[in-house]
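Trainee: Sending over protein-v4.pdb (PDB, C-alpha atoms, pLDDT in the B column).
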```pdb
MODEL        1
ATOM      1  CA  MET O   1       0.000   0.000   0.000  1.00 80.00           C
ATOM      2  CA  ILE O   2       2.864   2.367   0.843  1.00 86.00           C
ATOM      3  CA  GLY O   3       4.555   1.485  -2.464  1.00 82.00           C
ATOM      4  CA  PHE O   4       1.406   2.291  -4.431  1.00 78.00           C
ATOM      5  CA  LEU O   5       1.027   5.573  -2.574  1.00 80.00           C
ATOM      6  CA  PHE O   6       4.673   6.411  -3.281  1.00 78.00           C
ATOM      7  CA  LEU O   7       4.230   5.695  -7.027  1.00 74.00           C
ATOM      8  CA  THR O   8       1.080   7.817  -7.185  1.00 76.00           C
ATOM      9  CA  VAL O   9       2.782  10.771  -5.500  1.00 80.00           C
ATOM     10  CA  PHE O  10       5.844  10.357  -7.710  1.00 78.00           C
ATOM     11  CA  PHE O  11       3.788  10.386 -10.939  1.00 70.00           C
ATOM     12  CA  CYS O  12       1.679  13.314  -9.696  1.00 72.00           C
ATOM     13  CA  TYR O  13       4.814  15.314  -9.076  1.00 74.00           C
ATOM     14  CA  GLU O  14       6.952  14.244 -12.071  1.00 72.00           C
ATOM     15  CA  TYR O  15       4.279  13.664 -14.737  1.00 68.00           C
ATOM     16  CA  PRO O  16       1.103  15.576 -13.848  1.00 70.00           C
ATOM     17  CA  ASN O  17      -0.185  15.348 -17.433  1.00 66.00           C
ATOM     18  CA  ILE O  18      -0.904  11.652 -16.916  1.00 63.00           C
ATOM     19  CA  PHE O  19      -3.731  12.681 -14.619  1.00 65.00           C
ATOM     20  CA  ASN O  20      -5.048  15.169 -17.187  1.00 68.00           C
ATOM     21  CA  GLY O  21      -5.996  12.399 -19.613  1.00 66.00           C
ATOM     22  CA  LYS O  22      -2.798  12.193 -21.690  1.00 65.00           C
ATOM     23  CA  SER O  23      -1.444   8.805 -22.713  1.00 65.00           C
ATOM     24  CA  ILE O  24       1.472   7.593 -20.614  1.00 60.00           C
ATOM     25  CA  LYS O  25       3.441   6.966 -23.847  1.00 59.00           C
ATOM     26  CA  LYS O  26       3.151  10.652 -24.741  1.00 60.00           C
ATOM     27  CA  VAL O  27       4.112  11.871 -21.292  1.00 55.00           C
ATOM     28  CA  ILE O  28       7.010   9.604 -20.356  1.00 57.00           C
ATOM     29  CA  PRO O  29       9.716   9.616 -23.038  1.00 54.00           C
ATOM     30  CA  PHE O  30      10.291   5.984 -23.919  1.00 50.00           C
ATOM     31  CA  ILE O  31      13.208   5.530 -26.282  1.00 52.00           C
ATOM     32  CA  LYS O  32      12.416   2.926 -28.892  1.00 59.00           C
ATOM     33  CA  TYR O  33      15.336   0.883 -30.236  1.00 58.00           C
ATOM     34  CA  GLN O  34      17.510   1.899 -27.293  1.00 55.00           C
ATOM     35  CA  ARG O  35      19.477  -1.364 -27.271  1.00 60.00           C
ATOM     36  CA  THR O  36      19.584  -2.423 -30.924  1.00 66.00           C
ATOM     37  CA  GLY O  37      23.295  -1.890 -31.452  1.00 70.00           C
ATOM     38  CA  LEU O  38      22.647   0.234 -34.539  1.00 80.00           C
ATOM     39  CA  SER O  39      24.663   3.437 -34.251  1.00 81.00           C
ATOM     40  CA  LYS O  40      23.179   6.750 -35.355  1.00 86.00           C
ATOM     41  CA  GLN O  41      25.719   7.159 -38.163  1.00 89.00           C
ATOM     42  CA  PHE O  42      25.283   3.611 -39.455  1.00 90.00           C
ATOM     43  CA  SER O  43      21.515   4.099 -39.340  1.00 88.00           C
ATOM     44  CA  LEU O  44      21.842   7.254 -41.461  1.00 93.00           C
ATOM     45  CA  ASP O  45      24.114   5.408 -43.901  1.00 95.00           C
ATOM     46  CA  LEU O  46      21.540   2.620 -44.172  1.00 95.00           C
ATOM     47  CA  LYS O  47      18.809   5.189 -44.826  1.00 96.00           C
ATOM     48  CA  ASP O  48      20.814   6.628 -47.727  1.00 97.00           C
ATOM     49  CA  GLN O  49      21.593   3.154 -49.038  1.00 97.00           C
ATOM     50  CA  LEU O  50      17.919   2.173 -48.786  1.00 97.00           C
ATOM     51  CA  MET O  51      16.798   5.263 -50.694  1.00 97.00           C
ATOM     52  CA  TYR O  52      19.392   4.552 -53.386  1.00 97.00           C
ATOM     53  CA  ILE O  53      18.222   0.945 -53.741  1.00 97.00           C
ATOM     54  CA  MET O  54      14.574   2.001 -53.877  1.00 97.00           C
ATOM     55  CA  ASP O  55      15.295   4.593 -56.579  1.00 97.00           C
ATOM     56  CA  THR O  56      17.630   2.512 -58.739  1.00 96.00           C
ATOM     57  CA  GLU O  57      16.632  -1.141 -58.316  1.00 97.00           C
ATOM     58  CA  LYS O  58      12.932  -0.489 -57.585  1.00 97.00           C
ATOM     59  CA  PRO O  59      12.347  -3.630 -55.501  1.00 98.00           C
ATOM     60  CA  TYR O  60       8.862  -2.358 -54.619  1.00 97.00           C
ATOM     61  CA  LEU O  61       7.687  -3.363 -58.115  1.00 97.00           C
ATOM     62  CA  ASN O  62       7.848  -6.972 -56.939  1.00 97.00           C
ATOM     63  CA  GLY O  63       4.441  -7.880 -55.508  1.00 95.00           C
ATOM     64  CA  GLU O  64       6.084 -10.525 -53.317  1.00 96.00           C
ATOM     65  CA  LEU O  65       8.507  -8.078 -51.632  1.00 97.00           C
ATOM     66  CA  ARG O  66       8.856  -8.627 -47.883  1.00 97.00           C
ATOM     67  CA  LEU O  67      10.889  -6.955 -45.162  1.00 97.00           C
ATOM     68  CA  ASN O  68      13.336  -9.869 -45.246  1.00 97.00           C
ATOM     69  CA  ASN O  69      14.035  -9.183 -48.934  1.00 97.00           C
ATOM     70  CA  LEU O  70      14.789  -5.540 -48.254  1.00 96.00           C
ATOM     71  CA  ALA O  71      17.001  -6.474 -45.305  1.00 96.00           C
ATOM     72  CA  ASP O  72      18.914  -8.889 -47.565  1.00 97.00           C
ATOM     73  CA  LEU O  73      19.503  -6.097 -50.112  1.00 96.00           C
ATOM     74  CA  LEU O  74      20.987  -3.981 -47.307  1.00 95.00           C
ATOM     75  CA  ASN O  75      22.885  -6.930 -45.761  1.00 95.00           C
ATOM     76  CA  ILE O  76      21.322  -6.319 -42.347  1.00 94.00           C
ATOM     77  CA  SER O  77      18.802  -8.052 -40.102  1.00 92.00           C
ATOM     78  CA  ARG O  78      15.093  -7.567 -40.664  1.00 94.00           C
ATOM     79  CA  ASN O  79      14.902  -5.826 -37.256  1.00 91.00           C
ATOM     80  CA  HIS O  80      17.475  -3.243 -38.301  1.00 92.00           C
ATOM     81  CA  ALA O  81      15.726  -2.733 -41.644  1.00 95.00           C
ATOM     82  CA  SER O  82      12.467  -2.135 -39.822  1.00 93.00           C
ATOM     83  CA  GLN O  83      14.188   0.266 -37.434  1.00 92.00           C
ATOM     84  CA  VAL O  84      15.662   2.326 -40.286  1.00 94.00           C
ATOM     85  CA  ILE O  85      12.250   2.622 -41.963  1.00 95.00           C
ATOM     86  CA  ASN O  86      10.445   3.447 -38.715  1.00 92.00           C
ATOM     87  CA  GLU O  87      12.953   5.991 -37.433  1.00 90.00           C
ATOM     88  CA  HIS O  88      13.868   7.826 -40.619  1.00 92.00           C
ATOM     89  CA  PHE O  89      10.636   7.689 -42.594  1.00 95.00           C
ATOM     90  CA  LYS O  90       8.134   7.455 -39.714  1.00 92.00           C
ATOM     91  CA  LEU O  91       6.330   4.711 -41.640  1.00 94.00           C
ATOM     92  CA  SER O  92       5.731   1.004 -41.307  1.00 94.00           C
ATOM     93  CA  PHE O  93       7.293  -1.288 -43.891  1.00 96.00           C
ATOM     94  CA  PHE O  94       4.070  -1.578 -45.905  1.00 95.00           C
ATOM     95  CA  GLU O  95       3.386   2.162 -45.776  1.00 96.00           C
ATOM     96  CA  PHE O  96       6.942   2.791 -46.953  1.00 97.00           C
ATOM     97  CA  ILE O  97       6.653   0.352 -49.871  1.00 98.00           C
ATOM     98  CA  ASN O  98       3.199   1.608 -50.820  1.00 97.00           C
ATOM     99  CA  LYS O  99       4.480   5.181 -50.954  1.00 97.00           C
ATOM    100  CA  TYR O 100       6.957   4.184 -53.652  1.00 98.00           C
ATOM    101  CA  ARG O 101       4.320   2.133 -55.467  1.00 98.00           C
ATOM    102  CA  ILE O 102       1.860   5.022 -55.492  1.00 98.00           C
ATOM    103  CA  ASP O 103       4.525   7.430 -56.772  1.00 97.00           C
ATOM    104  CA  GLU O 104       5.262   4.972 -59.587  1.00 97.00           C
ATOM    105  CA  ALA O 105       1.539   4.627 -60.344  1.00 97.00           C
ATOM    106  CA  ILE O 106       1.180   8.407 -60.529  1.00 96.00           C
ATOM    107  CA  ASP O 107       4.039   8.515 -63.051  1.00 95.00           C
ATOM    108  CA  LEU O 108       2.275   5.887 -65.172  1.00 95.00           C
ATOM    109  CA  LEU O 109      -1.098   7.635 -64.893  1.00 94.00           C
ATOM    110  CA  GLU O 110       0.432  10.940 -65.972  1.00 92.00           C
ATOM    111  CA  LYS O 111       1.794   9.366 -69.167  1.00 91.00           C
ATOM    112  CA  LEU O 112      -1.834   8.922 -70.301  1.00 83.00           C
ATOM    113  CA  ASP O 113      -1.054   5.615 -71.975  1.00 87.00           C
ATOM    114  CA  GLU O 114      -4.451   4.434 -73.254  1.00 86.00           C
ATOM    115  CA  SER O 115      -3.265   0.827 -73.493  1.00 90.00           C
ATOM    116  CA  LEU O 116      -2.866   0.622 -69.683  1.00 92.00           C
ATOM    117  CA  THR O 117      -5.905   0.068 -67.495  1.00 93.00           C
ATOM    118  CA  ILE O 118      -5.965   0.998 -63.827  1.00 94.00           C
ATOM    119  CA  THR O 119      -5.691  -2.708 -63.001  1.00 95.00           C
ATOM    120  CA  ASP O 120      -2.652  -3.050 -65.285  1.00 96.00           C
ATOM    121  CA  ILE O 121      -1.002  -0.156 -63.482  1.00 96.00           C
ATOM    122  CA  ALA O 122      -1.805  -1.679 -60.079  1.00 97.00           C
ATOM    123  CA  TYR O 123      -0.038  -4.914 -60.977  1.00 97.00           C
ATOM    124  CA  GLN O 124       2.882  -3.150 -62.696  1.00 96.00           C
ATOM    125  CA  VAL O 125       3.693  -1.118 -59.588  1.00 97.00           C
ATOM    126  CA  GLY O 126       3.663  -4.149 -57.284  1.00 97.00           C
ATOM    127  CA  PHE O 127       0.158  -4.399 -55.869  1.00 97.00           C
ATOM    128  CA  ASN O 128      -1.338  -7.886 -55.829  1.00 95.00           C
ATOM    129  CA  ASN O 129      -4.925  -6.771 -56.257  1.00 94.00           C
ATOM    130  CA  ARG O 130      -6.973  -3.817 -57.394  1.00 94.00           C
ATOM    131  CA  VAL O 131      -8.684  -3.221 -54.038  1.00 95.00           C
ATOM    132  CA  SER O 132      -5.391  -2.769 -52.166  1.00 95.00           C
ATOM    133  CA  PHE O 133      -4.202  -0.418 -54.880  1.00 97.00           C
ATOM    134  CA  TYR O 134      -7.338   1.721 -54.720  1.00 96.00           C
ATOM    135  CA  LYS O 135      -7.204   1.905 -50.907  1.00 96.00           C
ATOM    136  CA  ALA O 136      -3.529   2.871 -50.820  1.00 96.00           C
ATOM    137  CA  PHE O 137      -3.903   5.359 -53.676  1.00 97.00           C
ATOM    138  CA  LYS O 138      -6.896   7.074 -52.114  1.00 96.00           C
ATOM    139  CA  LYS O 139      -5.154   7.199 -48.731  1.00 95.00           C
ATOM    140  CA  ALA O 140      -2.079   8.823 -50.292  1.00 95.00           C
ATOM    141  CA  THR O 141      -3.753  11.222 -52.716  1.00 95.00           C
ATOM    142  CA  GLY O 142      -7.307  11.709 -51.464  1.00 96.00           C
ATOM    143  CA  VAL O 143      -8.769  10.510 -54.777  1.00 96.00           C
ATOM    144  CA  THR O 144      -9.113   7.191 -56.568  1.00 96.00           C
ATOM    145  CA  PRO O 145      -6.757   6.351 -59.436  1.00 96.00           C
ATOM    146  CA  LEU O 146      -9.598   6.801 -61.929  1.00 93.00           C
ATOM    147  CA  GLU O 147     -10.471  10.230 -60.520  1.00 95.00           C
ATOM    148  CA  TYR O 148      -6.784  11.159 -60.683  1.00 94.00           C
ATOM    149  CA  LYS O 149      -6.553  10.051 -64.317  1.00 91.00           C
ATOM    150  CA  GLU O 150      -9.738  11.961 -65.222  1.00 91.00           C
ATOM    151  CA  HIS O 151      -8.314  15.077 -63.566  1.00 90.00           C
ATOM    152  CA  ILE O 152      -5.112  14.776 -65.597  1.00 88.00           C
ATOM    153  CA  ILE O 153      -7.078  14.346 -68.825  1.00 83.00           C
ATOM    154  CA  ALA O 154      -9.263  17.354 -67.992  1.00 85.00           C
ATOM    155  CA  SER O 155      -6.167  19.462 -67.213  1.00 84.00           C
ATOM    156  CA  ALA O 156      -4.517  18.487 -70.490  1.00 75.00           C
ATOM    157  CA  GLN O 157      -7.447  19.734 -72.562  1.00 72.00           C
TER     158      GLN O 157
ENDMDL
END
```
For this file, produce the structure as C-alpha cells.

Mentor:
Amino acid sequence: MIGFLFLTVFFCYEYPNIFNGKSIKKVIPFIKYQRTGLSKQFSLDLKDQLMYIMDTEKPYLNGELRLNNLADLLNISRNHASQVINEHFKLSFFEFINKYRIDEAIDLLEKLDESLTITDIAYQVGFNNRVSFYKAFKKATGVTPLEYKEHIIASAQ
C-alpha cells in the first residue's frame, strides 16, 4: 500500500499530465530501439543506401517483396531494416513500400497511356490486387486512381 502511494505521489509530481488524460506513452519519453546496437551514423548510412536501392533497383515493383528481402539487399537483419524505416521515414514497412508504389503509379497515370488500365497499373507497380491499390492510392492522394486520371485528362485539354 505504501509502495502504491509512493508511485502515485511520484507520478503526480513528475508527470502531472498523466492525470489530465494524456497517454502515458506521450508523457514519459520511452526511447524505442535503445538497445539495438545500430549506431546513429550507421543508421543514417543505411537510410541513404535504402533510398538509393529504392530509386535505382525499384524492388517495390515486386508484388512478393517482404521486409526480409529488403534487409537482404541492405545486408542487415530484418529488425534493423524495420528500425531504419520506422525511425527515418516514420512509416511502417508496408506504408513505406506503398508510398513508392503510389509514386510509380502516378508517373504511369500521368503518361496517359491508353493501353494501360488501372488494373494493369496496379499490378505493374507491385500491388497484388486492385482493391489494395485503390485503398492505398486514395489514402495517399485523397482521390481514386480513376479520378486522378480523369483530372489529368481534364487538365490536359

Trainee: Ranking O:Gln124, O:Ile153, O:Val131, O:Ala71 by minimum distance to Glu110 of chain O and counting only C-alpha atoms, which one comes first?

Mentor: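 Of all the options, O:Ile153 lies closest to Glu110 of chain O.
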
Trainee: Could you give me the axis-aligned bounding box of segment 102-119 of chain O, with 6 Å of padding per side, as centre plus edge lengths in Å to one decimal, as lines of an AutoDock Vina configuration file?

Mentor:
```
center_x = -0.4
center_y = 4.1
center_z = -64.5
size_x = 23.2
size_y = 25.6
size_z = 30.0
```

Trainee: I'd like to know which of O:Ala122, O:Leu108, O:Val9, O:Leu67 is closest to Lys135 of chain O, using only C-alpha atoms.

Mentor: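 Closest to Lys135 of chain O of all the choices is O:Ala122.
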
Trainee: Could you name the residues that touch segment 58-65 of chain O at 7 Å or less, counting only C-alpha atoms, but leaving out those on the same chain fewer than 6 positions away, as a list in words?

Mentor: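 After dropping sequence-adjacent residues, the list is Ile97, Tyr100, Arg101, Gln124, Val125, Gly126, Phe127 and Asn128 of chain O.
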
Trainee: Out of O:Lys149, O:Lys99, O:Ile2, O:Ala136, which residue has the shortest atom-to-atom distance to Leu116 of chain O when counting only C-alpha atoms?

Mentor: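 Closest to Leu116 of chain O, using only C-alpha atoms: O:Lys149.
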
Trainee: Written as a PDB file with C-alpha atoms, in the coordinates of the input, what is the full residue list that the PyMOL selection byres ((chain O and resi 137) around 12) yields on the file shown?

Mentor:
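Okay, part-v1.pdb is ready:
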```
ATOM      1  CA  GLU O  95       3.386   2.162 -45.776  1.00 96.00           C
ATOM      2  CA  ASN O  98       3.199   1.608 -50.820  1.00 97.00           C
ATOM      3  CA  LYS O  99       4.480   5.181 -50.954  1.00 97.00           C
ATOM      4  CA  TYR O 100       6.957   4.184 -53.652  1.00 98.00           C
ATOM      5  CA  ARG O 101       4.320   2.133 -55.467  1.00 98.00           C
ATOM      6  CA  ILE O 102       1.860   5.022 -55.492  1.00 98.00           C
ATOM      7  CA  ASP O 103       4.525   7.430 -56.772  1.00 97.00           C
ATOM      8  CA  GLU O 104       5.262   4.972 -59.587  1.00 97.00           C
ATOM      9  CA  ALA O 105       1.539   4.627 -60.344  1.00 97.00           C
ATOM     10  CA  ILE O 106       1.180   8.407 -60.529  1.00 96.00           C
ATOM     11  CA  LEU O 109      -1.098   7.635 -64.893  1.00 94.00           C
ATOM     12  CA  ILE O 118      -5.965   0.998 -63.827  1.00 94.00           C
ATOM     13  CA  ILE O 121      -1.002  -0.156 -63.482  1.00 96.00           C
ATOM     14  CA  ALA O 122      -1.805  -1.679 -60.079  1.00 97.00           C
ATOM     15  CA  VAL O 125       3.693  -1.118 -59.588  1.00 97.00           C
ATOM     16  CA  PHE O 127       0.158  -4.399 -55.869  1.00 97.00           C
ATOM     17  CA  ARG O 130      -6.973  -3.817 -57.394  1.00 94.00           C
ATOM     18  CA  VAL O 131      -8.684  -3.221 -54.038  1.00 95.00           C
ATOM     19  CA  SER O 132      -5.391  -2.769 -52.166  1.00 95.00           C
ATOM     20  CA  PHE O 133      -4.202  -0.418 -54.880  1.00 97.00           C
ATOM     21  CA  TYR O 134      -7.338   1.721 -54.720  1.00 96.00           C
ATOM     22  CA  LYS O 135      -7.204   1.905 -50.907  1.00 96.00           C
ATOM     23  CA  ALA O 136      -3.529   2.871 -50.820  1.00 96.00           C
ATOM     24  CA  LYS O 138      -6.896   7.074 -52.114  1.00 96.00           C
ATOM     25  CA  LYS O 139      -5.154   7.199 -48.731  1.00 95.00           C
ATOM     26  CA  ALA O 140      -2.079   8.823 -50.292  1.00 95.00           C
ATOM     27  CA  THR O 141      -3.753  11.222 -52.716  1.00 95.00           C
ATOM     28  CA  GLY O 142      -7.307  11.709 -51.464  1.00 96.00           C
ATOM     29  CA  VAL O 143      -8.769  10.510 -54.777  1.00 96.00           C
ATOM     30  CA  THR O 144      -9.113   7.191 -56.568  1.00 96.00           C
ATOM     31  CA  PRO O 145      -6.757   6.351 -59.436  1.00 96.00           C
ATOM     32  CA  LEU O 146      -9.598   6.801 -61.929  1.00 93.00           C
ATOM     33  CA  GLU O 147     -10.471  10.230 -60.520  1.00 95.00           C
ATOM     34  CA  TYR O 148      -6.784  11.159 -60.683  1.00 94.00           C
ATOM     35  CA  LYS O 149      -6.553  10.051 -64.317  1.00 91.00           C
TER      36      LYS O 149
END
```

Trainee: To one decimal place, how far is atom CA of Asn68 of chain O from atom CA of Asp55 of chain O in Å?

Mentor: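 Atom CA of Asp55 of chain O lies at a distance of 18.5 Å from atom CA of Asn68 of chain O.
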
Trainee: Please list as a list in words every residue within 12 Å of Asn79 of chain O, counting all atoms listed in the file and excluding residues in the same chain fewer than 2 positions away.

Mentor: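 My reading of the contact set: Tyr33, Arg35, Thr36, Gly37, Leu38, Leu67, Asn68, Leu70, Ala71, Asp72, Leu74, Asn75, Ile76, Ser77, Ala81, Ser82, Gln83, Val84, Ile85, Asn86, Glu87 and Phe93 of chain O.
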
Trainee: Calculated over all atoms listed in the file, which of the candidates O:Phe6, O:Asp113, O:Leu73, O:Phe96 has the smallest distance to Glu57 of chain O?

Mentor: O:Leu73

Trainee: Could you tell me how far atom CA of Lys111 of chain O sits from atom CA of Gln157 of chain O, in Å to one decimal place?

Mentor: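 Value for the atom CA of Gln157 of chain O-atom CA of Lys111 of chain O distance: 14.3 Å.
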
Trainee: From the options O:Leu7, O:His88, O:Thr117, O:Asn69, which residue's atoms come nearest to Asp45 of chain O, counting only C-alpha atoms?

Mentor: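 Residue with the minimum atom-to-atom distance to Asp45 of chain O: O:His88.
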
Trainee: Any idea what the distance is between atom CA of Tyr52 of chain O and atom CA of His80 of chain O?

Mentor: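 About the pair atom CA of Tyr52 of chain O and atom CA of His80 of chain O: they are 17.1 Å apart.
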
Trainee: Find, counting only C-alpha atoms, the residue in O:Cys12, O:Asp120, O:Phe89, O:Arg66 that gets nearest to Leu50 of chain O.

Mentor: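 Smallest distance to Leu50 of chain O is found for O:Phe89.
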
Trainee: Complete the atom set of segment 136-151 of chain O to N, CA and C atoms and return it as a PDB file, in the frame of the given file.

Mentor:
```pdb
ATOM      1  N   ALA O 136      -4.807   2.193 -51.053  1.00 96.00           N
ATOM      2  CA  ALA O 136      -3.529   2.871 -50.820  1.00 96.00           C
ATOM      3  C   ALA O 136      -3.455   4.174 -51.614  1.00 96.00           C
ATOM      4  N   PHE O 137      -3.948   4.163 -52.836  1.00 97.00           N
ATOM      5  CA  PHE O 137      -3.903   5.359 -53.676  1.00 97.00           C
ATOM      6  C   PHE O 137      -4.781   6.454 -53.089  1.00 97.00           C
ATOM      7  N   LYS O 138      -5.982   6.078 -52.679  1.00 96.00           N
ATOM      8  CA  LYS O 138      -6.896   7.074 -52.114  1.00 96.00           C
ATOM      9  C   LYS O 138      -6.348   7.619 -50.788  1.00 96.00           C
ATOM     10  N   LYS O 139      -5.744   6.759 -49.995  1.00 95.00           N
ATOM     11  CA  LYS O 139      -5.154   7.199 -48.731  1.00 95.00           C
ATOM     12  C   LYS O 139      -4.028   8.204 -48.976  1.00 95.00           C
ATOM     13  N   ALA O 140      -3.230   7.960 -50.006  1.00 95.00           N
ATOM     14  CA  ALA O 140      -2.079   8.823 -50.292  1.00 95.00           C
ATOM     15  C   ALA O 140      -2.458  10.121 -51.004  1.00 95.00           C
ATOM     16  N   THR O 141      -3.448  10.058 -51.880  1.00 95.00           N
ATOM     17  CA  THR O 141      -3.753  11.222 -52.716  1.00 95.00           C
ATOM     18  C   THR O 141      -5.091  11.889 -52.411  1.00 95.00           C
ATOM     19  N   GLY O 142      -5.982  11.164 -51.754  1.00 96.00           N
ATOM     20  CA  GLY O 142      -7.307  11.709 -51.464  1.00 96.00           C
ATOM     21  C   GLY O 142      -8.320  11.437 -52.563  1.00 96.00           C
ATOM     22  N   VAL O 143      -7.868  10.862 -53.672  1.00 96.00           N
ATOM     23  CA  VAL O 143      -8.769  10.510 -54.777  1.00 96.00           C
ATOM     24  C   VAL O 143      -8.444   9.101 -55.259  1.00 96.00           C
ATOM     25  N   THR O 144      -9.371   8.513 -55.999  1.00 96.00           N
ATOM     26  CA  THR O 144      -9.113   7.191 -56.568  1.00 96.00           C
ATOM     27  C   THR O 144      -8.209   7.350 -57.794  1.00 96.00           C
ATOM     28  N   PRO O 145      -7.595   6.263 -58.239  1.00 96.00           N
ATOM     29  CA  PRO O 145      -6.757   6.351 -59.436  1.00 96.00           C
ATOM     30  C   PRO O 145      -7.544   6.831 -60.665  1.00 96.00           C
ATOM     31  N   LEU O 146      -8.779   6.380 -60.800  1.00 93.00           N
ATOM     32  CA  LEU O 146      -9.598   6.801 -61.929  1.00 93.00           C
ATOM     33  C   LEU O 146      -9.903   8.295 -61.866  1.00 93.00           C
ATOM     34  N   GLU O 147     -10.234   8.794 -60.678  1.00 95.00           N
ATOM     35  CA  GLU O 147     -10.471  10.230 -60.520  1.00 95.00           C
ATOM     36  C   GLU O 147      -9.202  11.023 -60.832  1.00 95.00           C
ATOM     37  N   TYR O 148      -8.064  10.501 -60.411  1.00 94.00           N
ATOM     38  CA  TYR O 148      -6.784  11.159 -60.683  1.00 94.00           C
ATOM     39  C   TYR O 148      -6.533  11.224 -62.184  1.00 94.00           C
ATOM     40  N   LYS O 149      -6.758  10.110 -62.870  1.00 91.00           N
ATOM     41  CA  LYS O 149      -6.553  10.051 -64.317  1.00 91.00           C
ATOM     42  C   LYS O 149      -7.505  11.013 -65.035  1.00 91.00           C
ATOM     43  N   GLU O 150      -8.764  11.048 -64.605  1.00 91.00           N
ATOM     44  CA  GLU O 150      -9.738  11.961 -65.222  1.00 91.00           C
ATOM     45  C   GLU O 150      -9.335  13.414 -65.014  1.00 91.00           C
ATOM     46  N   HIS O 151      -8.776  13.720 -63.842  1.00 90.00           N
ATOM     47  CA  HIS O 151      -8.314  15.077 -63.566  1.00 90.00           C
ATOM     48  C   HIS O 151      -7.153  15.465 -64.485  1.00 90.00           C
TER      49      HIS O 151
END
```
